[in-house]
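Have a look at run.cif below; it lists mmCIF, C-alpha atoms.
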data_run
loop_
_atom_site.label_atom_id
_atom_site.label_comp_id
_atom_site.auth_asym_id
_atom_site.auth_seq_id
_atom_site.Cartn_x
_atom_site.Cartn_y
_atom_site.Cartn_z
CA MET A 40 -25.93 -12.92 -9.82
CA ALA A 41 -24.88 -9.86 -11.81
CA ASP A 42 -27.76 -7.78 -10.41
CA GLN A 43 -27.35 -8.71 -6.78
CA ILE A 44 -25.85 -6.50 -4.14
CA SER A 45 -24.01 -8.29 -1.37
CA MET A 46 -23.79 -6.76 2.09
CA ASP A 47 -20.11 -7.73 2.41
CA MET A 48 -19.35 -5.95 -0.85
CA ILE A 49 -21.17 -2.79 0.26
CA LEU A 50 -19.25 -2.74 3.56
CA LEU A 51 -15.96 -3.23 1.71
CA ILE A 52 -16.76 -0.41 -0.71
CA LEU A 53 -17.79 1.94 2.10
CA ALA A 54 -14.64 1.11 4.07
CA ALA A 55 -12.58 1.93 0.97
CA ALA A 56 -14.55 5.16 0.60
CA VAL A 57 -13.85 6.18 4.21
CA ALA A 58 -10.14 5.32 3.83
CA THR A 59 -10.03 7.45 0.68
CA PHE A 60 -11.80 10.39 2.31
CA LEU A 61 -9.36 10.25 5.25
CA THR A 62 -6.44 10.62 2.83
CA ARG A 63 -8.22 13.51 1.13
CA ILE A 64 -8.81 15.52 4.28
CA GLY A 65 -5.83 14.30 6.33
CA GLY A 66 -3.22 16.60 4.84
CA TYR A 67 -5.43 19.63 5.39
CA VAL A 68 -6.06 18.71 9.02
CA LEU A 69 -2.33 18.17 9.63
CA ILE A 70 -1.17 21.35 7.93
CA THR A 71 -3.69 23.66 9.62
CA ARG A 72 -2.52 22.45 13.03
CA MET A 73 0.92 23.85 12.24
CA LYS A 74 1.54 27.57 12.60
CA THR A 75 3.91 27.98 9.65
CA ILE A 76 5.08 25.83 6.77
CA PRO A 77 8.88 25.47 6.86
CA PRO A 78 10.42 26.28 3.44
CA ARG A 79 11.75 22.76 2.95
CA MET A 80 8.38 21.28 3.74
CA GLU A 81 6.76 23.64 1.25
CA GLN A 82 9.32 22.61 -1.36
CA ALA A 83 8.54 18.97 -0.60
CA LEU A 84 4.78 19.56 -0.84
CA ASN A 85 5.21 21.27 -4.19
CA ALA A 86 6.97 18.17 -5.49
CA VAL A 87 4.19 15.80 -4.40
CA PRO A 88 2.06 15.64 -7.55
CA ALA A 89 4.97 14.96 -9.90
CA ALA A 90 6.49 12.47 -7.43
CA VAL A 91 3.33 10.44 -6.98
CA LEU A 92 2.20 10.47 -10.59
CA THR A 93 5.67 9.32 -11.67
CA THR A 94 5.23 6.16 -9.58
CA LEU A 95 2.11 5.33 -11.60
CA VAL A 96 3.98 5.86 -14.88
CA ALA A 97 7.41 4.29 -14.30
CA PRO A 98 6.31 0.66 -13.69
CA ALA A 99 3.98 0.75 -16.71
CA PHE A 100 6.90 1.88 -18.86
CA PHE A 101 9.68 -0.32 -17.49
CA ASN A 102 7.60 -3.46 -16.91
CA GLY A 103 5.55 -3.06 -20.07
CA GLY A 104 6.44 -4.63 -23.39
CA TRP A 105 7.71 -2.78 -26.46
CA ASP A 106 4.13 -1.83 -27.32
CA PHE A 107 3.86 0.05 -24.00
CA LYS A 108 7.30 1.64 -24.32
CA ILE A 109 6.72 2.85 -27.88
CA ALA A 110 3.18 4.08 -27.13
CA MET A 111 4.39 6.02 -24.09
CA LEU A 112 7.37 7.55 -25.91
CA VAL A 113 5.14 8.63 -28.80
CA ALA A 114 2.66 10.08 -26.27
CA LEU A 115 5.51 11.89 -24.49
CA ALA A 116 6.69 13.46 -27.75
CA ALA A 117 3.11 14.50 -28.57
CA GLY A 118 2.37 15.73 -25.05
CA ILE A 119 5.25 18.20 -25.01
CA ARG A 120 3.68 20.14 -27.90
CA TYR A 121 -0.02 19.30 -27.92
CA PRO A 122 -2.86 19.14 -25.35
CA GLY A 123 -3.80 16.05 -23.32
CA LEU A 124 -6.35 14.46 -25.60
CA MET A 125 -3.98 14.61 -28.59
CA MET A 126 -1.39 12.94 -26.41
CA LEU A 127 -3.82 10.16 -25.49
CA GLY A 128 -4.79 9.74 -29.14
CA ALA A 129 -1.18 9.57 -30.34
CA GLY A 130 -0.21 7.01 -27.69
CA TRP A 131 -3.32 4.94 -28.33
CA ALA A 132 -2.70 4.96 -32.11
CA ALA A 133 0.93 3.92 -31.55
CA ALA A 134 -0.19 1.01 -29.35
CA MET A 135 -2.74 -0.12 -31.94
CA VAL A 136 -0.10 0.00 -34.69
CA CYS A 137 2.37 -1.94 -32.54
CA ARG A 138 -0.14 -4.65 -31.69
CA HIS A 139 -2.07 -5.08 -34.91
CA LEU A 140 0.44 -4.18 -37.64
CA LEU A 141 3.86 -4.84 -36.09
CA GLY A 142 2.82 -7.69 -33.82
CA PHE A 143 4.59 -6.60 -30.60
CA MET B 284 -23.28 31.19 -5.97
CA ASN B 285 -21.31 32.84 -8.76
CA ARG B 286 -22.71 31.33 -11.95
CA SER B 287 -20.00 32.34 -14.39
CA GLU B 288 -17.34 30.81 -12.11
CA PHE B 289 -19.42 27.63 -11.87
CA TYR B 290 -19.77 27.39 -15.65
CA GLU B 291 -16.09 28.09 -16.15
CA GLY B 292 -15.38 25.18 -13.80
CA LEU B 293 -17.83 22.94 -15.67
CA LYS B 294 -16.16 23.79 -18.96
CA GLY B 295 -12.70 22.96 -17.65
CA GLY B 296 -13.93 19.73 -16.08
CA VAL B 297 -15.58 18.46 -19.27
CA ILE B 298 -12.17 17.94 -20.89
CA ILE B 299 -11.13 15.79 -17.94
CA ALA B 300 -14.45 13.94 -18.02
CA ILE B 301 -13.96 13.06 -21.70
CA SER B 302 -10.40 11.89 -21.20
CA SER B 303 -11.29 9.87 -18.09
CA ALA B 304 -14.42 8.31 -19.63
CA PRO B 305 -12.42 5.40 -21.13
CA PHE B 306 -11.02 4.69 -17.64
CA ALA B 307 -14.49 4.79 -16.10
CA VAL B 308 -15.65 2.30 -18.72
CA LEU B 309 -12.50 0.26 -18.11
CA PHE B 310 -13.13 0.27 -14.34
CA GLY B 311 -16.73 -0.83 -14.88
CA ALA B 312 -15.67 -3.59 -17.24
CA VAL B 313 -12.96 -4.85 -14.86
CA ALA B 314 -15.43 -4.65 -11.95
CA ALA B 315 -17.98 -6.75 -13.86
CA ASP B 316 -15.19 -9.16 -14.77
CA ASN B 317 -14.39 -9.58 -11.06
CA GLY B 318 -17.99 -10.33 -10.09
CA LEU B 319 -19.36 -6.90 -9.13
CA SER B 320 -22.87 -5.94 -10.19
CA VAL B 321 -23.66 -2.70 -12.04
CA MET B 322 -25.02 -1.21 -8.80
CA GLU B 323 -21.90 -2.19 -6.83
CA ALA B 324 -19.59 -0.72 -9.46
CA GLY B 325 -21.71 2.45 -9.41
CA LEU B 326 -21.61 2.61 -5.61
CA MET B 327 -17.84 2.33 -5.66
CA SER B 328 -17.45 5.11 -8.23
CA ALA B 329 -19.91 7.29 -6.30
CA THR B 330 -18.30 6.88 -2.87
CA VAL B 331 -14.59 6.12 -3.44
CA TYR B 332 -14.31 8.25 -6.60
CA ALA B 333 -10.59 7.59 -7.17
CA GLY B 334 -9.83 5.82 -10.43
CA ALA B 335 -6.49 4.12 -9.89
CA SER B 336 -7.38 2.91 -6.39
CA GLN B 337 -10.77 1.62 -7.56
CA LEU B 338 -8.95 -0.50 -10.14
CA VAL B 339 -6.44 -1.69 -7.55
CA GLY B 340 -9.25 -2.52 -5.10
CA ILE B 341 -11.20 -4.48 -7.70
CA GLU B 342 -8.09 -6.31 -8.85
CA LEU B 343 -7.29 -7.43 -5.29
CA PHE B 344 -10.93 -8.27 -4.59
CA GLY B 345 -10.88 -10.51 -7.66
CA GLN B 346 -7.80 -12.28 -6.26
CA HIS B 347 -9.72 -13.00 -3.02
CA VAL B 348 -7.32 -10.97 -0.90
CA ALA B 349 -8.46 -10.35 2.71
CA PRO B 350 -10.87 -7.36 2.90
CA TRP B 351 -8.68 -5.35 5.30
CA LEU B 352 -5.79 -5.69 2.86
CA VAL B 353 -7.97 -4.41 0.02
CA VAL B 354 -8.88 -1.34 2.10
CA LEU B 355 -5.24 -0.85 3.12
CA SER B 356 -4.14 -1.02 -0.52
CA VAL B 357 -6.76 1.55 -1.49
CA PHE B 358 -5.42 3.73 1.32
CA ALA B 359 -1.84 3.26 0.07
CA VAL B 360 -2.69 4.14 -3.51
CA ASN B 361 -4.62 7.17 -2.28
CA PHE B 362 -1.96 8.22 0.22
CA ARG B 363 -0.91 10.96 -2.17
CA HIS B 364 -4.15 12.79 -1.37
CA ILE B 365 -2.80 13.56 2.12
CA LEU B 366 -0.11 15.59 0.42
CA TYR B 367 -2.62 17.09 -2.04
CA SER B 368 -4.92 18.36 0.68
CA ALA B 369 -1.93 19.75 2.58
CA ALA B 370 -0.75 21.59 -0.54
CA LEU B 371 -4.28 22.82 -1.28
CA ALA B 372 -4.82 24.19 2.24
CA ARG B 373 -3.42 27.63 1.46
CA PHE B 374 -5.92 28.12 -1.38
CA VAL B 375 -9.14 26.96 0.29
CA GLY B 376 -8.86 28.57 3.73
CA HIS B 377 -11.80 30.86 2.94
CA PHE B 378 -14.26 27.97 2.35
CA ASN B 379 -16.82 27.14 5.07
CA PRO B 380 -16.83 23.63 6.65
CA ILE B 381 -19.52 22.21 4.35
CA GLN B 382 -17.71 23.57 1.30
CA LYS B 383 -14.50 22.03 2.62
CA PHE B 384 -16.23 18.66 2.97
CA PHE B 385 -17.19 18.68 -0.71
CA THR B 386 -13.82 20.12 -1.68
CA PHE B 387 -11.91 17.24 -0.12
CA PHE B 388 -14.41 14.61 -1.22
CA LEU B 389 -13.90 15.72 -4.85
CA LEU B 390 -10.10 15.99 -4.59
CA THR B 391 -8.85 13.86 -7.50
CA ASP B 392 -5.53 14.09 -9.40
CA PRO B 393 -6.81 16.40 -12.18
CA GLN B 394 -8.86 18.44 -9.71
CA PHE B 395 -5.72 18.99 -7.64
CA ALA B 396 -3.50 19.76 -10.64
CA GLU B 397 -5.98 22.27 -12.05
CA SER B 398 -6.69 23.88 -8.66
CA VAL B 399 -3.00 24.38 -7.89
CA ARG B 400 -2.40 25.82 -11.35
CA ARG B 401 -5.29 28.22 -10.84
CA GLY B 402 -4.29 29.09 -7.28
CA GLU B 403 -0.64 29.70 -8.18
CA SER B 404 -1.55 31.80 -11.24
CA GLY B 405 -3.16 34.31 -8.88
CA ILE B 406 -6.74 33.82 -10.12
CA GLY B 407 -7.59 32.12 -6.85
CA ILE B 408 -9.99 29.25 -6.23
CA SER B 409 -13.66 30.03 -5.64
CA PHE B 410 -16.03 27.34 -4.41
CA PRO B 411 -18.40 27.63 -7.43
CA TRP B 412 -15.48 27.12 -9.81
CA TYR B 413 -14.19 24.15 -7.78
CA LEU B 414 -17.66 22.57 -7.54
CA GLY B 415 -18.32 23.07 -11.26
CA PHE B 416 -15.01 21.49 -12.16
CA GLY B 417 -15.65 18.57 -9.79
CA ALA B 418 -19.28 17.99 -10.86
CA ALA B 419 -18.26 17.89 -14.53
CA ILE B 420 -15.92 14.99 -13.68
CA TYR B 421 -17.95 13.24 -10.96
CA PHE B 422 -21.22 12.53 -12.76
CA PRO B 423 -19.72 11.29 -16.06
CA TRP B 424 -17.33 9.13 -14.02
CA LEU B 425 -20.30 7.54 -12.25
CA LEU B 426 -22.32 7.15 -15.45
CA PHE B 427 -19.50 5.67 -17.54
CA SER B 428 -18.40 3.21 -14.87
CA MET B 429 -21.95 1.84 -14.77
CA VAL B 430 -22.03 1.72 -18.58
CA GLY B 431 -18.71 -0.15 -18.47
CA ALA B 432 -20.04 -2.62 -15.90
CA PHE B 433 -23.19 -3.14 -17.98
CA PHE B 434 -21.31 -3.86 -21.21
CA GLY B 435 -18.27 -5.31 -19.45
CA ARG B 436 -18.56 -8.87 -20.55
CA MET B 437 -19.12 -7.89 -24.18
CA MET B 438 -15.93 -5.86 -24.53
CA GLY B 439 -13.53 -8.77 -24.58
CA ASP B 440 -9.82 -8.31 -24.04
CA PRO B 441 -8.94 -4.64 -23.30
CA ARG B 442 -5.56 -5.24 -25.00
CA THR B 443 -7.14 -5.65 -28.43
CA LEU B 444 -8.55 -2.12 -28.31
CA ALA B 445 -5.41 -0.81 -26.54
CA ILE B 446 -7.52 0.40 -23.59
CA ASP B 447 -4.79 -0.68 -21.17
CA VAL B 448 -2.22 1.88 -22.41
CA LEU B 449 -4.54 4.84 -21.82
CA LEU B 450 -4.20 4.96 -18.03
CA PRO B 451 -0.37 5.28 -17.86
CA ILE B 452 -0.39 7.77 -20.76
CA TYR B 453 -2.98 9.83 -18.92
CA PHE B 454 -0.77 9.88 -15.80
CA LEU B 455 2.28 10.67 -17.95
CA GLY B 456 0.45 13.70 -19.30
CA LEU B 457 -0.20 14.94 -15.77
CA VAL B 458 3.49 14.45 -14.90
CA ILE B 459 4.85 16.47 -17.82
CA GLY B 460 2.39 19.24 -16.97
CA PHE B 461 4.64 19.95 -13.98
CA ARG B 462 7.91 20.05 -15.94
CA ARG B 463 8.54 23.79 -15.45
CA ARG B 464 8.58 23.52 -11.67
CA PRO B 465 11.90 23.88 -9.87
CA GLY B 466 13.41 20.49 -9.06
CA PHE B 467 11.12 18.65 -11.51
CA TYR B 468 13.81 16.41 -13.07
CA PRO B 469 15.57 15.22 -9.89
CA VAL B 470 12.16 14.53 -8.30
CA VAL B 471 10.89 12.55 -11.28
CA VAL B 472 14.10 10.51 -11.56
CA ALA B 473 14.08 9.79 -7.81
CA SER B 474 10.40 8.77 -7.82
CA ALA B 475 10.86 6.57 -10.87
CA LEU B 476 13.84 4.81 -9.26
CA GLY B 477 12.08 4.54 -5.88
CA SER B 478 8.93 3.12 -7.41
CA MET B 479 10.83 0.56 -9.48
CA LEU B 480 12.88 -0.57 -6.48
CA GLY B 481 9.69 -0.67 -4.40
CA TYR B 482 7.96 -2.65 -7.12
CA HIS B 483 10.69 -5.30 -7.22
CA PHE B 484 11.54 -5.59 -3.54
CA VAL B 485 8.27 -4.84 -1.75
CA GLY B 486 5.60 -5.22 -4.40
CA SER B 487 2.54 -3.45 -5.71
CA PRO B 488 0.78 -1.27 -4.58
CA TRP B 489 3.44 -0.15 -2.08
CA HIS B 490 5.69 1.08 -4.89
CA VAL B 491 3.34 4.06 -5.21
CA SER B 492 3.87 5.30 -1.66
CA ILE B 493 7.57 4.31 -1.60
CA GLY B 494 8.40 6.04 -4.90
CA ALA B 495 6.45 9.14 -3.91
CA ALA B 496 8.22 9.30 -0.55
CA VAL B 497 11.65 9.07 -2.21
CA GLY B 498 10.75 11.87 -4.65
CA VAL B 499 9.38 14.09 -1.88
CA VAL B 500 12.44 13.54 0.32
CA VAL B 501 14.73 14.46 -2.60
CA ALA B 502 12.65 17.62 -3.15
CA ALA B 503 13.02 18.53 0.53
CA LEU B 504 16.81 18.05 0.34
CA LEU B 505 17.32 20.11 -2.83
CA PRO B 506 18.92 23.52 -2.26
CA LEU B 507 16.37 26.22 -1.49
CA PRO B 508 16.00 29.01 -4.05
CA LYS B 509 17.76 32.22 -2.91
CA GLU B 510 14.78 34.54 -3.19
CA ARG B 511 11.51 33.25 -1.97
CA MET B 512 8.31 34.67 -0.64
CA PRO B 513 7.78 33.99 3.03
CA MET B 514 4.54 32.16 3.59
CA THR B 515 2.79 31.36 6.82
CA ALA B 516 0.16 28.69 7.01
CA ALA B 517 -1.81 30.61 9.62
CA SER B 518 -2.31 33.72 7.50
CA GLU B 519 -3.50 31.75 4.50
CA THR B 520 -5.58 29.03 6.00
CA GLU B 521 -7.46 30.77 8.81
CA THR B 522 -9.79 33.41 7.49
#
Please, can you express the file's structure as structure tokens?
Amino acid sequence: MADQISMDMILLILAAAVATFLTRIGGYVLITRMKTIPPRMEQALNAVPAAVLTTLVAPAFFNGGWDFKIAMLVALAAGIRYPGLMMLGAGWAAAMVCRHLLGF
Amino acid sequence: MNRSEFYEGLKGGVIIAISSAPFAVLFGAVAADNGLSVMEAGLMSATVYAGASQLVGIELFGQHVAPWLVVLSVFAVNFRHILYSAALARFVGHFNPIQKFFTFFLLTDPQFAESVRRGESGIGISFPWYLGFGAAIYFPWLLFSMVGAFFGRMMGDPRTLAIDVLLPIYFLGLVIGFRRRPGFYPVVVASALGSMLGYHFVGSPWHVSIGAAVGVVVAALLPLPKERMPMTAASETET
């Protein structure tokens, strides 16, 4: 079972791949059809990465337990001063401490 | 092909590859847990190549949601890429069509963040650099998701090893990387509120697109800076 490949699964994966590629090229196709980028639109586009990534962070923080909240706050404090991997390490360590030593 | 640019890209991408390896393993493990084979998990990483949406897709597949809804959810989670490719347009206008195909195929969150940083710093984005950066992420992602699928059933509960906190912390790191941009705080607050309201009243994964839309609308409504460089899409995208 674990080594089989089902045709339905392949079709589903390829459909997801096509949907993903459309999102990846869609913005380029739309923007090159326009002659100029209005300043407000440019300002909006510049805000996109922070806006989207925030939506992946906020539910994890607010819906997560204390272990998640503490780990993310520790990571935030670390991330302001140190590079990404240190931030990951600090948050991970905080989560391990919360779960295995403090019992959250 | 400019080799030093390619190697510089590879070097930058390796850091991302290392920090995303746990997520690739996590994806593989979750995929195996939901009944996918190692080959199927590998195929998904090779063709979709978008971490969060792969996890969402697998999660929904495991819940026996209708296939079209799985694809639609993947599209919703990836909707942000429409805005990425629009924002990237001004930096990649000089690429040829085949280069553009690979450019957009490889357009992930870190690839976008790093490309924009490089483009805005004035260094500019060359195709060898972009390809090197992408390749350094793509192949480890594929390899580690298959490793994760292979060992998936042995890993046990991801909570015990605190694997589950890594993904949101990784995204949090990307968010704070943008904190010096004008309008950062109002946009982040608006997106956080929008996504939480979307989460409670509409449900996952729509909170991603709803929260992002709220943040982007707030950014568009913020006062424009007094001095700004005029920019035309035509001059920067058609070369």
- Task: List the residues selected by the PyMOL selection byres ((chain B and resi 291) around 10) in the file shown, writing them as JSON, numbers by chain.
- Result: {"B": [286, 287, 288, 289, 290, 292, 293, 294, 295, 296, 411, 412, 413, 415, 416]}
Residues in the PyMOL selection byres ((chain B) within 7 of (chain A)), expressed as a ChimeraX atom specification: /B:302,319-321,323,327,330-331,350,354,357-358,361-370,372,387-388,390,445,448-449,451-456,458,461,470-471,474-475,478-479,490-491,494-495,498-500,502-503,515-517,520
What residues have an atom no more than 12 Å from (-8.4, 31.1, -8.1) in the file's own frame, counting only C-alpha atoms, and can you write them as a PDB file with C-alpha atoms, keeping the file's coordinate frame?
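The new file out21.pdb reads:
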ATOM      1  CA  GLU B 288     -17.340  30.810 -12.110  1.00  0.00           C
ATOM      2  CA  GLU B 291     -16.090  28.090 -16.150  1.00  0.00           C
ATOM      3  CA  GLY B 292     -15.380  25.180 -13.800  1.00  0.00           C
ATOM      4  CA  LEU B 371      -4.280  22.820  -1.280  1.00  0.00           C
ATOM      5  CA  ARG B 373      -3.420  27.630   1.460  1.00  0.00           C
ATOM      6  CA  PHE B 374      -5.920  28.120  -1.380  1.00  0.00           C
ATOM      7  CA  VAL B 375      -9.140  26.960   0.290  1.00  0.00           C
ATOM      8  CA  HIS B 377     -11.800  30.860   2.940  1.00  0.00           C
ATOM      9  CA  GLU B 397      -5.980  22.270 -12.050  1.00  0.00           C
ATOM     10  CA  SER B 398      -6.690  23.880  -8.660  1.00  0.00           C
ATOM     11  CA  VAL B 399      -3.000  24.380  -7.890  1.00  0.00           C
ATOM     12  CA  ARG B 400      -2.400  25.820 -11.350  1.00  0.00           C
ATOM     13  CA  ARG B 401      -5.290  28.220 -10.840  1.00  0.00           C
ATOM     14  CA  GLY B 402      -4.290  29.090  -7.280  1.00  0.00           C
ATOM     15  CA  GLU B 403      -0.640  29.700  -8.180  1.00  0.00           C
ATOM     16  CA  SER B 404      -1.550  31.800 -11.240  1.00  0.00           C
ATOM     17  CA  GLY B 405      -3.160  34.310  -8.880  1.00  0.00           C
ATOM     18  CA  ILE B 406      -6.740  33.820 -10.120  1.00  0.00           C
ATOM     19  CA  GLY B 407      -7.590  32.120  -6.850  1.00  0.00           C
ATOM     20  CA  ILE B 408      -9.990  29.250  -6.230  1.00  0.00           C
ATOM     21  CA  SER B 409     -13.660  30.030  -5.640  1.00  0.00           C
ATOM     22  CA  PHE B 410     -16.030  27.340  -4.410  1.00  0.00           C
ATOM     23  CA  PRO B 411     -18.400  27.630  -7.430  1.00  0.00           C
ATOM     24  CA  TRP B 412     -15.480  27.120  -9.810  1.00  0.00           C
ATOM     25  CA  TYR B 413     -14.190  24.150  -7.780  1.00  0.00           C
TER      26      TYR B 413
END
Go ahead and fit an axis-aligned box to every listed atom of region 54-66 of chain A plus 6 Å each side, and pass me the centre and edge lengths in Å, one decimal, as JSON.
{"center_x": -8.9, "center_y": 8.9, "center_z": 3.5, "size_x": 23.4, "size_y": 27.5, "size_z": 17.7}
Can you tell me which residues surround Gly334 (chain B) at a distance of at most 8 Å, considering all atoms listed in the file, apart from same-chain residues fewer than 3 positions away, and format the answer as a ChimeraX atom specification? /B:306-307,310,328,337-338
For the residues in that selection, give me C-alpha atoms as a PDB file, in the coordinates of the input.
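File result.pdb, as written:
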ATOM      1  CA  PHE B 306     -11.020   4.690 -17.640  1.00  0.00           C
ATOM      2  CA  ALA B 307     -14.490   4.790 -16.100  1.00  0.00           C
ATOM      3  CA  PHE B 310     -13.130   0.270 -14.340  1.00  0.00           C
ATOM      4  CA  SER B 328     -17.450   5.110  -8.230  1.00  0.00           C
ATOM      5  CA  GLN B 337     -10.770   1.620  -7.560  1.00  0.00           C
ATOM      6  CA  LEU B 338      -8.950  -0.500 -10.140  1.00  0.00           C
TER       7      LEU B 338
END
inquiry  = Which residues are near Gly345 (chain B)? Cut-off 9 Å, all atoms listed in the file, ignore same chain within fewer than 2 positions. Put them as a list in words.
reply    = Ala314, Asp316, Asn317, Gly318, Gly340, Ile341, Glu342, Leu343, His347 and Val348 of chain B
Model the absent atoms of region 451-467 of chain B so that N, CA, C and O atoms are present, and write the result as a PDB file, in the frame of the given file.
ATOM      1  N   PRO B 451      -1.721   4.722 -18.078  1.00  0.00           N
ATOM      2  CA  PRO B 451      -0.370   5.280 -17.860  1.00  0.00           C
ATOM      3  C   PRO B 451      -0.086   6.517 -18.715  1.00  0.00           C
ATOM      4  O   PRO B 451       0.610   7.424 -18.234  1.00  0.00           O
ATOM      5  N   ILE B 452      -0.628   6.577 -19.929  1.00  0.00           N
ATOM      6  CA  ILE B 452      -0.390   7.770 -20.760  1.00  0.00           C
ATOM      7  C   ILE B 452      -1.072   8.987 -20.143  1.00  0.00           C
ATOM      8  O   ILE B 452      -0.514  10.088 -20.119  1.00  0.00           O
ATOM      9  N   TYR B 453      -2.256   8.758 -19.588  1.00  0.00           N
ATOM     10  CA  TYR B 453      -2.980   9.830 -18.920  1.00  0.00           C
ATOM     11  C   TYR B 453      -2.160  10.364 -17.730  1.00  0.00           C
ATOM     12  O   TYR B 453      -1.990  11.571 -17.561  1.00  0.00           O
ATOM     13  N   PHE B 454      -1.599   9.454 -16.937  1.00  0.00           N
ATOM     14  CA  PHE B 454      -0.770   9.880 -15.800  1.00  0.00           C
ATOM     15  C   PHE B 454       0.515  10.569 -16.279  1.00  0.00           C
ATOM     16  O   PHE B 454       0.972  11.539 -15.681  1.00  0.00           O
ATOM     17  N   LEU B 455       1.081  10.054 -17.376  1.00  0.00           N
ATOM     18  CA  LEU B 455       2.280  10.670 -17.950  1.00  0.00           C
ATOM     19  C   LEU B 455       2.010  12.120 -18.348  1.00  0.00           C
ATOM     20  O   LEU B 455       2.839  13.015 -18.110  1.00  0.00           O
ATOM     21  N   GLY B 456       0.838  12.347 -18.922  1.00  0.00           N
ATOM     22  CA  GLY B 456       0.450  13.700 -19.300  1.00  0.00           C
ATOM     23  C   GLY B 456       0.386  14.632 -18.106  1.00  0.00           C
ATOM     24  O   GLY B 456       0.831  15.783 -18.165  1.00  0.00           O
ATOM     25  N   LEU B 457      -0.140  14.121 -16.986  1.00  0.00           N
ATOM     26  CA  LEU B 457      -0.200  14.940 -15.770  1.00  0.00           C
ATOM     27  C   LEU B 457       1.213  15.247 -15.285  1.00  0.00           C
ATOM     28  O   LEU B 457       1.500  16.359 -14.851  1.00  0.00           O
ATOM     29  N   VAL B 458       2.112  14.246 -15.363  1.00  0.00           N
ATOM     30  CA  VAL B 458       3.490  14.450 -14.900  1.00  0.00           C
ATOM     31  C   VAL B 458       4.168  15.562 -15.705  1.00  0.00           C
ATOM     32  O   VAL B 458       4.730  16.501 -15.134  1.00  0.00           O
ATOM     33  N   ILE B 459       4.106  15.476 -17.038  1.00  0.00           N
ATOM     34  CA  ILE B 459       4.850  16.470 -17.820  1.00  0.00           C
ATOM     35  C   ILE B 459       4.230  17.853 -17.713  1.00  0.00           C
ATOM     36  O   ILE B 459       4.886  18.848 -18.004  1.00  0.00           O
ATOM     37  N   GLY B 460       2.995  17.932 -17.239  1.00  0.00           N
ATOM     38  CA  GLY B 460       2.390  19.240 -16.970  1.00  0.00           C
ATOM     39  C   GLY B 460       3.127  20.015 -15.892  1.00  0.00           C
ATOM     40  O   GLY B 460       3.013  21.229 -15.798  1.00  0.00           O
ATOM     41  N   PHE B 461       3.900  19.307 -15.078  1.00  0.00           N
ATOM     42  CA  PHE B 461       4.640  19.950 -13.980  1.00  0.00           C
ATOM     43  C   PHE B 461       6.091  20.234 -14.341  1.00  0.00           C
ATOM     44  O   PHE B 461       6.883  20.606 -13.484  1.00  0.00           O
ATOM     45  N   ARG B 462       6.489  20.048 -15.618  1.00  0.00           N
ATOM     46  CA  ARG B 462       7.910  20.050 -15.940  1.00  0.00           C
ATOM     47  C   ARG B 462       8.609  21.391 -15.754  1.00  0.00           C
ATOM     48  O   ARG B 462       9.834  21.432 -15.708  1.00  0.00           O
ATOM     49  N   ARG B 463       7.872  22.496 -15.633  1.00  0.00           N
ATOM     50  CA  ARG B 463       8.540  23.790 -15.450  1.00  0.00           C
ATOM     51  C   ARG B 463       8.774  24.124 -13.975  1.00  0.00           C
ATOM     52  O   ARG B 463       9.319  25.167 -13.655  1.00  0.00           O
ATOM     53  N   ARG B 464       8.359  23.257 -13.095  1.00  0.00           N
ATOM     54  CA  ARG B 464       8.580  23.520 -11.670  1.00  0.00           C
ATOM     55  C   ARG B 464      10.025  23.312 -11.288  1.00  0.00           C
ATOM     56  O   ARG B 464      10.693  22.427 -11.836  1.00  0.00           O
ATOM     57  N   PRO B 465      10.535  24.116 -10.332  1.00  0.00           N
ATOM     58  CA  PRO B 465      11.900  23.880  -9.870  1.00  0.00           C
ATOM     59  C   PRO B 465      12.034  22.476  -9.284  1.00  0.00           C
ATOM     60  O   PRO B 465      11.137  22.004  -8.592  1.00  0.00           O
ATOM     61  N   GLY B 466      13.154  21.821  -9.610  1.00  0.00           N
ATOM     62  CA  GLY B 466      13.410  20.490  -9.060  1.00  0.00           C
ATOM     63  C   GLY B 466      12.630  19.378  -9.728  1.00  0.00           C
ATOM     64  O   GLY B 466      12.628  18.247  -9.251  1.00  0.00           O
ATOM     65  N   PHE B 467      11.969  19.657 -10.851  1.00  0.00           N
ATOM     66  CA  PHE B 467      11.120  18.650 -11.510  1.00  0.00           C
ATOM     67  C   PHE B 467      11.914  17.390 -11.871  1.00  0.00           C
ATOM     68  O   PHE B 467      11.515  16.276 -11.532  1.00  0.00           O
TER      69      PHE B 467
END
